[in-house]
Structure formats: C-alpha cells, structure tokens
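**Q** My structure is below; once you've seen it, I'll send some questions.
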Amino acid sequence: MEGLRKKTTKGIFWSFLDYFGVYLVKFAFTVVIARTLSPGDYGLMGMIVIFIALGQTLMQSGFSMALIQKKENRESDFYTAFWFNVMVAVLVYMVLFLGAGAIADFFGKPILVSITRVAALGIIINSLCSVQVAILTKRMDFRKLTWIHLISALVSGITGLLMALKGFEVWALVFQTLSGNVIYLAGLWFSTGWRPRFIFDFNRFRSLFDFGYKVLLQGLTDVIFTKSYYPLIGKLFPVAQLGFYTNASRFHEIFIRQTSYSANRVVFPAFASIQEDRDRFNSNYIRSFNLLTFMMFLGSVILIISSRPFISIALTDKWLPAVPFMQLLFIDGFFLPLLIFNTNILYSTGKGGVSLKIDILRKTLIIITIFLLFRFGIEALIAGQVFTTLVAMIYSAVALGRIRGISFRTIFLPLLKLLVISGLCLGMGLIIEAISGGADFTELALKIILVPAVFIALASLLGINAMAELRTFIRDFSPGKTQKDEA
C-alpha cells in the first residue's frame with residue numbers, strides 16, 4: 001500500500017497543479033475579460049455574491065466534509081448526502097427566485113431580478129456533483145480533479161470572453177460561471193463512475209449531520225460576515241466602487257484563498273488518518289505549517305508590491321482605483337492560509353467545536369470592525385477584515401498547540417522571522433518603485449526578480465529551513481524516487 005507521506009506528497013502536487021494551473025487559466029481570462037467589461041458590470045455581480053454564496057453553503061450542509069472525515073462510509077451515506085443536497089438546492093433556488101425582486105429593490109437595480117434567477121441555477125448544478133467531489137477527495141485522487149477543473153476553467157473562460165466581446169456585458173460573467181459548473185458536473189459524473197440510487201437513510205443522515213452541522217454553521221457565518229462587505233459597499237458607495245472591490249476580491253480569491261485550499265484539502269484527509277499517532281501528527285504539523293508560512297508570505301509580498309504596475313499594464317488605467325483594495329486584501333495572505341490550515345487540522349482530529357469557537361470569535365470581531373470602520377471608507381473595512389484574520393489565526397495556533405502539546409515557540413518563532421523579512425522586502429519594493437521613474441515594465445521586472453531573491457536569502461540567513469523542506473517535497477514526488485519507493 002502506498003505510504004501516507006508519498007500519497008500526501010502526490011496529493012499536494014496535483015492539488016497545487018490544480019489550483020496554480022486552473023487559476024492561472026482563470027487569471028488569464030479574468031485579465032482579458034476585465035479589459036473588455038466595465039467596473040459597473042462587476043459591481044452588479046458583486047451585489048448578489050452573498051446570496052449565491054449562502055445558497056451554495058446551505059446546499060453543501062457540511063456533508064462533504066462529513067463524508068471525508070468518517071474513516072469508513074456505507075453506500076447509504078453517499079446516497080443520503082446526495083439527495084439531501086439536491087433537495088436543499090431546489091429549496092434555496094426557489095427562495096432566491098421568489099426573492100429576486102426584493103434584492104433588486106434593495107439596490108435599486110431592476111436587472112438584478114433576472115441576474116439572480118439565472119445565476120442561482122449554479123446552486124442546483126453543483127448539488128449534483130458534491131458527493132463525487134467528496135469521493136475523489138477521500139481517495140486523494142486529485143489528478144482527476146485537476147483535469148476536470150482545468151477543462152471547466154477553459155470552457156467557462158472562453159464562454160465569458162466571447163460573450164464579453166459580443167457586448168453581453170454583465171451576462172458574460174453570469175454565463176462564464178454557469179458554463180464552468182456544467183462542465184465540472186459532466187467531468188465528475190464521467191470520471192467517478194458513482195451514480196445515486198433512490199435511497200435515503202435517516203439513521204445515516206443523523207450520523208452525517210452530527211458532524212456536518214458544525215461545518216455548516218461555520219460556513220454560513222463565514223459567508224454572512226466575510227461577504228457582507230459586498231451588499232454594504234453596494235448600498236453605500238457607487239456601483240463602480242463595488243466593481244473595483246469585486247475584481248480585487250477575485251484576485252484575492254485566485255491567489256490567496258484558492259492557493260490555501262489547494263494544500264488544505266489534502267491536509268484534511270491526510271491528518272485525519274494519523275490523528276491517533278501524536279508524535280507523527282505533531283511533527284508533520286510543524287513541518288507543514290512552516291512550509292506553508294514560507295510559501296504564502298513570499299507569495300503575498302510579491303503580490304502586494306507588483307499590484308500597481310501589473311494592473312496598469314494588464315488591465316489598463318481604468319482599473320487602477322482597485323489597486324489599494326487589492327494590496328490590502330493581499331496582506332490577508334499572510335494569515336488566512338494559516339487560519340484555514342489550523343481549522344482543517346482541528347476538524348481532522350474531531351475538534352470541530354474548537355474550530356467553531358475560533359470562527360465565532362472572528363465573526364464577532366468582523367461585526368465590531370464593520371460597525372466602527374464603515375464610515376471611513378472601503379480601505380478601512382478591508383483593514384478591519386485583515387485584522388480579524390490575524391487575531392483568529394493566532395488564537396487557532398494557540399488552541400491547537402495546547403490540544404496537541406506543541407510548543408508555542410516552535411510555531412511562532414519562524415512566523416515572526418518571516419514577518420520581519422516580509423517588512424524589509426515591502427520596503428525594498430517602495431525603493432524600486434521610487435527609482436523606476438514610472439516605467440511600469442521596469443518596475444514590475446525588478447520587483448518580481450530582486451525581491452524574491454532577497455526574501456529567500458534573508459530566510460536562509462535566519463535559519464528558516466523551508467527551502468530544504470520544499471526540496472524534500474519535490475524530491476519525494478520525482479519519478480525516480482517514486483519508482484524506487486514502490487520497488
């Protein structure tokens with residue numbers, strides 16, 4: 001049987017290939033489509049983000065995570081989860097269909113009636129494949145998921161681009177998402193071979209719900225509080241401002257949130273399988289935490305310093321007002337991946353209640369920061385969001401350290417070193433910007449070449465061995481190594 005280390009290494013490789021490959025495709029199409037559409041088009045989509053996200057979360061109901069977390073599943077577990085997800089998806093769609101008029105009235109945009117009703121179809125489409133995703137994730141078969149994601153991203157991007165070029169405006173964004181959902185559904189049904197039967201076991205439902213409701217509650221509160229910025233900005237500021245925020249959030253989603261999930265969706269099943277082996281669990285946690293910290297800090301620094309010249313070159317000057325929003329959201333990249341990582345670790349050990357408490361703390365802080373900062377503008381709201389992520393991440397690390405008996409110094413010392421290095425590199429970015437004299441190409445080239453080199457060099461000087469861990473990771477996945485291990 002393939003060892004956990006090698007299996008996890010392969011899973012992380014394909015998971016990162018998935019998100020870096022797929023989201024590179026999405027990133028390319030986002031750039032091209034954004035050059036064609038207006039900030040107002042993105043603003044209209046931003047107005048319904050929270051409603052679609054709530055529907056998707058309700059549809060999932062935490063059952064996918066429950067299926068993955070259980071060491072052994074009966075066939076009736078999968079059938080029950082499938083039909084419950086479909087039933088909830090239909091109910092949610094009916095609510096959104098009937099409530100579309102109220103949404104349009106709230107924002108004073110009649111076109112939102114039809115946009116909401118069409119975009120919400122994605123909830124039903126996704127309900128038909130949520131169990132298949134859980135099956136492939138539990139098997140850690142991320143290669144299939146990678147190819148399915150890639151094909152769906154290509155089809156959705158081409159659909160959105162063609163419609164944008166044909167003058168369909170905001171509808172290009174709506175059907176870009178829906179076309180991707182349809183291809184994703186077809187790929188999962190074809191690749192897994194799993195088909196639902198008309199079986200619903202109430203005993204299995206209770207078993208799944210006992211775990212899933214915690215995930216559902218956390219997911220709902222996450223959507224309500226993190227996506228609440230969209231309707232708030234849409235109501236208080238011009239639609240173009242919401243468009244700038246929406247597109248900045250898209251880049252945050254691509255480079256920060258999805259990159260985090262690419263590693264963490266492998267972490268959950270991997271750590272769940274060794275939760276009883278304390279020493280092995282703790283050792284793997286420390287190594288994984290340090291490697292993730294190094295990679296995300298380096299990536300976030302590069303994103304922050306390169307945002308302005310990149311937007312000027314790729315999206316044209318009409319999108320430059322989105323740069324401050326983007327840079328603040330990229331600061332979230334220092335802490336959000338680590339928070340997601342710790343949350344998944346807690347869930348993998350059956351400590352979902354602790355994770356839920358951490359999440360409640362974060363949401364409480366979000367309410368407070370929104371109430372205190374909304375009058376100071378969108379930048380202040382984003383800064384408050386980043387602050388809540390930082391506090392929740394620290395709390396999650398402390399809680400996990402106490403539960404698993406991990407030294408706080410082991411967790412936080414490398415983190416503090418990387419924060420200092422990141423600060424120095426951000427300062428270096430400002431110096432490069434000053435000496436480049438407004439030449440965007442020169443500024444961008446210098447920042448993406450010199451700053452990473454300095455970051456890696458400083459990390460080595462301070463004794464951070466993340467590069468050695470990364471080399472080990474690459475070596476473990478190399479074909480020669482794999483064949484040798486399997487011999």
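Lettering and numbering for the structure tokens are positional, with chains as A, B, ... in the shown order, residues counted from 1 in each chain, and ligands counted from 1 in the shown order.
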Identify, on the basis of only C-alpha atoms, every residue whose closest approach to region 408-419 of chain A does not exceed 8 Å; exclude the query and any residue fewer than 4 positions from it along the same chain; express the result as a PyMOL selection string.

**A** chain A and resi 286+289-290+293-294+297+397-398+401+423+459+462+464

**Q** Which residues of region 46-88 of chain A sit at most 6 Å from region 116-136 of chain A, using only C-alpha atoms? Give each one's shortest atom pair and distance in Å (one decimal place), in chain and ascending residue order, as a Markdown table.

**A**
```
| residue | atom | partner | partner_atom | distance |
| --- | --- | --- | --- | --- |
| A:Gln56 | CA | A:Ile123 | CA | 5.6 |
| A:Ser64 | CA | A:Ala134 | CA | 5.3 |
| A:Phe82 | CA | A:Val131 | CA | 6.0 |
| A:Asn85 | CA | A:Ser127 | CA | 5.5 |
| A:Val86 | CA | A:Ser127 | CA | 5.2 |
```

**Q** Using N, CA, C and O atoms, can you write the selected residues to a file as a PDB file, in the first residue's frame?

**A**
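Just written: out_3.pdb:
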```pdb
ATOM      1  N   GLN A  56     -25.002  28.233  -1.842  1.00  0.00           N
ATOM      2  CA  GLN A  56     -24.039  27.145  -2.031  1.00  0.00           C
ATOM      3  C   GLN A  56     -23.692  26.478  -0.690  1.00  0.00           C
ATOM      4  O   GLN A  56     -23.586  25.250  -0.603  1.00  0.00           O
ATOM      5  N   SER A  64     -20.192  17.049   2.744  1.00  0.00           N
ATOM      6  CA  SER A  64     -18.981  16.628   2.042  1.00  0.00           C
ATOM      7  C   SER A  64     -17.839  16.428   3.024  1.00  0.00           C
ATOM      8  O   SER A  64     -17.107  15.430   2.961  1.00  0.00           O
ATOM      9  N   PHE A  82     -26.307  12.820  -1.118  1.00  0.00           N
ATOM     10  CA  PHE A  82     -26.630  13.325  -2.452  1.00  0.00           C
ATOM     11  C   PHE A  82     -28.052  13.878  -2.502  1.00  0.00           C
ATOM     12  O   PHE A  82     -28.275  15.016  -2.934  1.00  0.00           O
ATOM     13  N   ASN A  85     -28.575  17.073  -0.430  1.00  0.00           N
ATOM     14  CA  ASN A  85     -28.002  18.248  -1.090  1.00  0.00           C
ATOM     15  C   ASN A  85     -28.887  18.739  -2.226  1.00  0.00           C
ATOM     16  O   ASN A  85     -29.084  19.947  -2.405  1.00  0.00           O
ATOM     17  N   VAL A  86     -29.403  17.820  -3.015  1.00  0.00           N
ATOM     18  CA  VAL A  86     -30.277  18.200  -4.135  1.00  0.00           C
ATOM     19  C   VAL A  86     -31.555  18.850  -3.614  1.00  0.00           C
ATOM     20  O   VAL A  86     -32.016  19.873  -4.154  1.00  0.00           O
TER      21      VAL A  86
END
```

**Q** Pick out the closest residue to Gln327 (chain A) from this set: A:Val174, A:Leu426, A:Leu373, A:Val354. Count only C-alpha atoms.

**A** A:Leu426

**Q** List the spatial neighbours of region 242-249 of chain A as an MDAnalysis selection string - criterion: any atom at most 8 Å away, only C-alpha atoms, same-chain residues fewer than 6 positions off excluded.

**A** chainID A and resid 39:44 46 230 233:234 319 321:323 325:326 329

**Q** What does the structure give for the distance between CA of Ile448 (chain A) and CA of Met296 (chain A), in Å to one decimal?

**A**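 Distance reported for this atom pair: 15.0 Å.
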
**Q** How many Å lie between CA of Ala34 (chain A) and CA of Arg375 (chain A), rounded to one decimal?

**A**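 Pair CA of Ala34 (chain A) / CA of Arg375 (chain A) returns 28.6 Å.
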
**Q** If you count only C-alpha atoms, which residues fall within 9 Å of region 384-392 of chain A, apart from same-chain ones fewer than 5 positions away, as a ChimeraX atom specification?

**A** /A:226,328-329,331-336,339,358-359,361-366,368-370,373,379,397

**Q** Could you check which of A:Asn282, A:Ser61, A:Ser306, A:Gln241 is closest to Lys318 (chain A), using only C-alpha atoms?

**A**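 Residue with the minimum atom-to-atom distance to Lys318 (chain A): A:Gln241.
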
**Q** From the list A:Leu446, A:Leu37, A:Ile340, A:Ile151, which residue is nearest Phe168 (chain A) when using only C-alpha atoms?

**A** A:Leu37

**Q** Hey, can you check how far CA of Pro196 (chain A) sits from CA of Asp210 (chain A)?

**A** 22.3 Å

**Q** Just want the 8 Å neighbourhood of Tyr184 (chain A), counted on only C-alpha atoms, with same-chain residues fewer than 5 positions away dropped. Output as a list in words.

**A** Ile148, His149, Ile151 and Ser152 of chain A

**Q** List every residue of region 116-170 of chain A that DSSP, applied to the backbone, labels as helix (DSSP H, G or I), and write the result as a count of residues only.

**A** 45
